[in-house]
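Peer 1: Next up is a structure, given as structure tokens.
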Amino acid sequence: MNTAQQTPLATSAAAPPSLLTQVGMAGGAAVITVTFIHPIDVVKTRIQVSTEYGKLGMGGTAAKVVKGEGIAGLWKGVNAAWLREASYTSLRLGLYEPIKVVFGANDPETTSFAKKFAAGSAAGALGSLAGNPFDVLKTKLMTSGGKELPSMVNVAKDLYANQGIQGFYRGIDSNIARAMVLNGTKMGVYDQSKGYVVEYTGLPKKSLATQFLSAVTAGFFMTCTVAPFDMVRTRLMNQPADARIYNNAIDCMVKIATKEGPLTFWRGFLPIWSRFAPTTTLQLVIFEQLRGLMGMKAL
């Protein structure tokens, strides 16, 4: 009789990881990823803020940075990037599934793309509010010239002295819009693509190949939808600490379109894609693997 009996410990399913654990896993995946991808972000940002770098392209910009600032120049602002990922990306990735549940989108196979996009957008907006100060600092550090590595603390002090706390939320309107479009596209397309990959290839949902193919697809569509918002955000955040070139996101968009032409919004498309493709793939694959280790089902 004793052998037939099982203790509650043996029969009870493992409790799902807490919300904090899910956010922590997302942040860990993001920090690991940005450490390797940061040089592409530096090149992309230089191209967006300077027509000189824009004419040089990715290879020329990278070569110019290395020649004038040393190889370490490609990692300028990585400390701010770590803080940004630990706040912004941890929330936009970690909150996606809990928000889907709130939206009634529990089953990926029957949930519409619109609900997946909405859940991703909501998570992106919340993450953007937390990460905007580090985004501003990261942008300024990445665009600073010279071989001497800039101090994040000094840049923060200078920004606060000239603009106060609001300086750290410069470009918040465009950053929230960008985060909503980016994360809505990223998570919605990734979630939807996994269903198509499973349907047409027969691969299991938790397969690394399924995750890879879906993440690459999401990275491409993210670049198409986010590039204009990324341009506006970068211009707003990179304004001098003691001056204001653009009043807000709308003013920035109008000035770019009228003075430089609408196609300027997609300047740096290739470096943006070059950053989004590996970033999205590594973030999502690492996040999915961490979820698997914690006993969670695939997204």
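Ligands are numbered from 1 in the order shown, chains are lettered A, B, ... in the order of the structure tokens, and residues start at 1 in each chain.
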Mind listing the helix (DSSP H, G or I) residues of stretch 68-152 of chain A, per DSSP on the backbone, as a count of residues only?
Peer 2: 62
Peer 1: Within 9 Å of A:Thr35, counting only C-alpha atoms, which residues qualify if same-chain residues fewer than 5 places away don't, as a PDB file with N, CA, C and O atoms, in the first residue's frame?
Peer 2:
```
ATOM      1  N   ALA A  30      19.317  39.872 -22.448  1.00  0.00           N
ATOM      2  CA  ALA A  30      19.560  41.139 -23.138  1.00  0.00           C
ATOM      3  C   ALA A  30      20.965  41.676 -22.879  1.00  0.00           C
ATOM      4  O   ALA A  30      21.635  42.177 -23.793  1.00  0.00           O
ATOM      5  N   TRP A  75      32.957  50.369 -28.552  1.00  0.00           N
ATOM      6  CA  TRP A  75      32.222  49.975 -27.346  1.00  0.00           C
ATOM      7  C   TRP A  75      31.918  51.174 -26.447  1.00  0.00           C
ATOM      8  O   TRP A  75      31.590  51.015 -25.288  1.00  0.00           O
ATOM      9  N   VAL A  78      28.876  51.295 -23.717  1.00  0.00           N
ATOM     10  CA  VAL A  78      28.373  49.948 -23.430  1.00  0.00           C
ATOM     11  C   VAL A  78      27.905  49.834 -21.977  1.00  0.00           C
ATOM     12  O   VAL A  78      26.990  49.051 -21.669  1.00  0.00           O
ATOM     13  N   ALA A  81      24.522  50.995 -22.013  1.00  0.00           N
ATOM     14  CA  ALA A  81      23.729  49.990 -22.735  1.00  0.00           C
ATOM     15  C   ALA A  81      23.361  48.832 -21.814  1.00  0.00           C
ATOM     16  O   ALA A  81      22.247  48.305 -21.879  1.00  0.00           O
ATOM     17  N   TRP A  82      24.300  48.427 -20.943  1.00  0.00           N
ATOM     18  CA  TRP A  82      23.993  47.354 -19.985  1.00  0.00           C
ATOM     19  C   TRP A  82      22.846  47.753 -19.061  1.00  0.00           C
ATOM     20  O   TRP A  82      21.933  46.970 -18.802  1.00  0.00           O
TER      21      TRP A  82
END
```
Peer 1: For stretch 92-94 of chain A, work out the shell of residues within 12 Å, counting only C-alpha atoms and skipping chain neighbours fewer than 4 positions away, then give it as a PyMOL selection string.
Peer 2: chain A and resi 17-30+84-88+98-100+119-131+176+179-184+186-188+190+280+283-288+290-291+299
Peer 1: Could you tell me how far atom CA of A:Phe103 sits from atom CA of A:Thr89, in Å to one decimal place?
Peer 2: 20.4 Å
Peer 1: Under the rule that only C-alpha atoms are counted, which of A:Thr223, A:Thr139, A:Asn247, A:Thr210 is the nearest residue to A:Asp41?
Peer 2: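 When distances to A:Asp41 are compared using only C-alpha atoms, the smallest one comes from A:Thr139.
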Peer 1: Neighbouring residues of stretch 268-279 of chain A were defined as those with any atom within 9 Å, considering only C-alpha atoms; residues of the same chain fewer than 3 positions away were excluded. Please report them as number ranges by chain.
Peer 2: A: 30, 33-34, 36-41, 43-45, 47-48, 54, 57-58, 215-220, 222-224, 227, 230-231, 264-265, 282-284
Peer 1: Go ahead and save the residues from that selection, with N, CA, C and O atoms, as a tab-separated table (two decimals), in the first residue's frame.
Peer 2:
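As a result, out-v5.tsv now contains:
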```tsv
chain	number	residue	atom	x	y	z
A	30	ALA	N	19.32	39.87	-22.45
A	30	ALA	CA	19.56	41.14	-23.14
A	30	ALA	C	20.97	41.68	-22.88
A	30	ALA	O	21.63	42.18	-23.79
A	33	THR	N	23.53	39.68	-24.80
A	33	THR	CA	23.45	39.99	-26.23
A	33	THR	C	24.10	41.33	-26.56
A	33	THR	O	24.89	41.43	-27.50
A	34	VAL	N	23.76	42.38	-25.81
A	34	VAL	CA	24.24	43.72	-26.16
A	34	VAL	C	25.75	43.84	-26.03
A	34	VAL	O	26.37	44.66	-26.72
A	36	PHE	N	27.95	41.88	-27.16
A	36	PHE	CA	28.54	41.50	-28.44
A	36	PHE	C	28.04	42.37	-29.60
A	36	PHE	O	28.76	42.57	-30.58
A	37	ILE	N	26.83	42.89	-29.49
A	37	ILE	CA	26.20	43.62	-30.61
A	37	ILE	C	26.48	45.12	-30.56
A	37	ILE	O	26.29	45.83	-31.53
A	38	HIS	N	26.97	45.63	-29.44
A	38	HIS	CA	27.10	47.07	-29.24
A	38	HIS	C	27.85	47.81	-30.36
A	38	HIS	O	27.45	48.92	-30.74
A	39	PRO	N	28.96	47.28	-30.90
A	39	PRO	CA	29.65	47.99	-31.98
A	39	PRO	C	28.75	48.34	-33.17
A	39	PRO	O	28.88	49.41	-33.77
A	40	ILE	N	27.82	47.45	-33.49
A	40	ILE	CA	26.89	47.73	-34.60
A	40	ILE	C	25.99	48.90	-34.24
A	40	ILE	O	25.67	49.75	-35.08
A	41	ASP	N	25.60	49.00	-32.98
A	41	ASP	CA	24.77	50.10	-32.52
A	41	ASP	C	25.52	51.42	-32.60
A	41	ASP	O	24.95	52.45	-32.97
A	43	VAL	N	27.94	52.17	-34.72
A	43	VAL	CA	28.01	52.51	-36.15
A	43	VAL	C	26.67	53.04	-36.64
A	43	VAL	O	26.59	54.06	-37.34
A	44	LYS	N	25.60	52.36	-36.27
A	44	LYS	CA	24.25	52.77	-36.69
A	44	LYS	C	23.93	54.17	-36.20
A	44	LYS	O	23.41	55.01	-36.94
A	45	THR	N	24.25	54.46	-34.94
A	45	THR	CA	23.94	55.76	-34.36
A	45	THR	C	24.76	56.87	-35.02
A	45	THR	O	24.23	57.96	-35.30
A	47	ILE	N	25.85	56.96	-38.05
A	47	ILE	CA	25.29	57.17	-39.39
A	47	ILE	C	24.01	58.00	-39.32
A	47	ILE	O	23.75	58.85	-40.17
A	48	GLN	N	23.21	57.77	-38.28
A	48	GLN	CA	21.94	58.49	-38.16
A	48	GLN	C	22.12	59.96	-37.83
A	48	GLN	O	21.32	60.80	-38.25
A	54	GLY	N	27.04	58.96	-42.75
A	54	GLY	CA	26.03	58.36	-43.62
A	54	GLY	C	26.60	58.06	-45.00
A	54	GLY	O	26.27	57.04	-45.62
A	57	GLY	N	28.93	54.82	-45.00
A	57	GLY	CA	28.34	53.50	-44.87
A	57	GLY	C	28.86	52.76	-43.65
A	57	GLY	O	29.65	53.30	-42.86
A	58	MET	N	28.45	51.51	-43.50
A	58	MET	CA	28.81	50.75	-42.30
A	58	MET	C	30.31	50.50	-42.18
A	58	MET	O	30.93	50.79	-41.17
A	215	ALA	N	12.86	34.24	-35.08
A	215	ALA	CA	13.54	35.45	-34.61
A	215	ALA	C	14.13	36.25	-35.77
A	215	ALA	O	14.07	37.48	-35.78
A	216	VAL	N	14.70	35.57	-36.76
A	216	VAL	CA	15.26	36.25	-37.93
A	216	VAL	C	14.15	36.98	-38.69
A	216	VAL	O	14.33	38.12	-39.14
A	217	THR	N	13.01	36.33	-38.83
A	217	THR	CA	11.86	36.95	-39.51
A	217	THR	C	11.40	38.20	-38.76
A	217	THR	O	11.16	39.25	-39.35
A	218	ALA	N	11.31	38.08	-37.43
A	218	ALA	CA	10.90	39.22	-36.61
A	218	ALA	C	11.88	40.37	-36.75
A	218	ALA	O	11.49	41.54	-36.83
A	219	GLY	N	13.19	40.07	-36.82
A	219	GLY	CA	14.21	41.12	-36.94
A	219	GLY	C	14.06	41.92	-38.21
A	219	GLY	O	14.24	43.16	-38.20
A	220	PHE	N	13.72	41.28	-39.33
A	220	PHE	CA	13.55	42.00	-40.59
A	220	PHE	C	12.35	42.94	-40.54
A	220	PHE	O	12.45	44.12	-40.91
A	222	MET	N	10.89	44.16	-37.95
A	222	MET	CA	11.16	45.22	-36.97
A	222	MET	C	11.89	46.39	-37.63
A	222	MET	O	11.58	47.55	-37.40
A	223	THR	N	12.88	46.07	-38.46
A	223	THR	CA	13.66	47.12	-39.12
A	223	THR	C	12.77	47.98	-40.01
A	223	THR	O	12.90	49.20	-40.03
A	224	CYS	N	11.87	47.34	-40.74
A	224	CYS	CA	10.98	48.07	-41.65
A	224	CYS	C	10.08	49.04	-40.89
A	224	CYS	O	9.88	50.18	-41.32
A	227	ALA	N	12.54	51.83	-38.17
A	227	ALA	CA	13.58	52.75	-38.65
A	227	ALA	C	13.21	54.23	-38.51
A	227	ALA	O	14.02	55.03	-38.01
A	230	ASP	N	13.27	55.21	-34.90
A	230	ASP	CA	14.64	55.14	-34.39
A	230	ASP	C	15.41	56.40	-34.77
A	230	ASP	O	16.19	56.94	-33.98
A	231	MET	N	15.20	56.88	-36.00
A	231	MET	CA	15.85	58.09	-36.46
A	231	MET	C	15.44	59.30	-35.62
A	231	MET	O	16.28	60.08	-35.15
A	264	THR	N	15.19	59.94	-45.56
A	264	THR	CA	16.16	60.06	-44.46
A	264	THR	C	15.72	59.22	-43.26
A	264	THR	O	16.56	58.76	-42.48
A	265	PHE	N	14.41	59.02	-43.12
A	265	PHE	CA	13.91	58.22	-41.99
A	265	PHE	C	14.44	56.78	-42.04
A	265	PHE	O	14.48	56.11	-41.02
A	282	LEU	N	19.52	36.49	-30.86
A	282	LEU	CA	20.20	36.08	-29.63
A	282	LEU	C	19.32	36.27	-28.40
A	282	LEU	O	19.24	35.40	-27.53
A	283	GLN	N	18.66	37.45	-28.32
A	283	GLN	CA	17.81	37.73	-27.17
A	283	GLN	C	16.72	36.67	-27.02
A	283	GLN	O	16.53	36.10	-25.93
A	284	LEU	N	16.00	36.42	-28.11
A	284	LEU	CA	14.86	35.51	-28.03
A	284	LEU	C	15.31	34.06	-27.82
A	284	LEU	O	14.69	33.32	-27.04
```
Peer 1: What is the atom CA of A:Met294-atom CA of A:Asp107 distance in Å, reported with one decimal?
Peer 2: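 Atom CA of A:Met294 sits 20.0 Å away from atom CA of A:Asp107.
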Peer 1: Which residues come within 7 Å of stretch 169-175 of chain A, counting only C-alpha atoms, excluding same-chain residues fewer than 6 positions away, as a VMD selection string?
Peer 2: chain A and resid 128 132 to 133 229 232 to 233 236 to 237 249
Peer 1: From the options A:Gln192, A:Ser151, A:Gln211, A:Ser50, which residue's atoms come nearest to A:Gln289, counting only C-alpha atoms?
Peer 2: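 Looking at the shortest contact to A:Gln289, the residue is A:Gln211.
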Peer 1: So what do you get for atom CA of A:Asp158 versus atom CA of A:Gly68, distance-wise?
Peer 2: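 Separating atom CA of A:Asp158 from atom CA of A:Gly68 is a distance of 24.5 Å.
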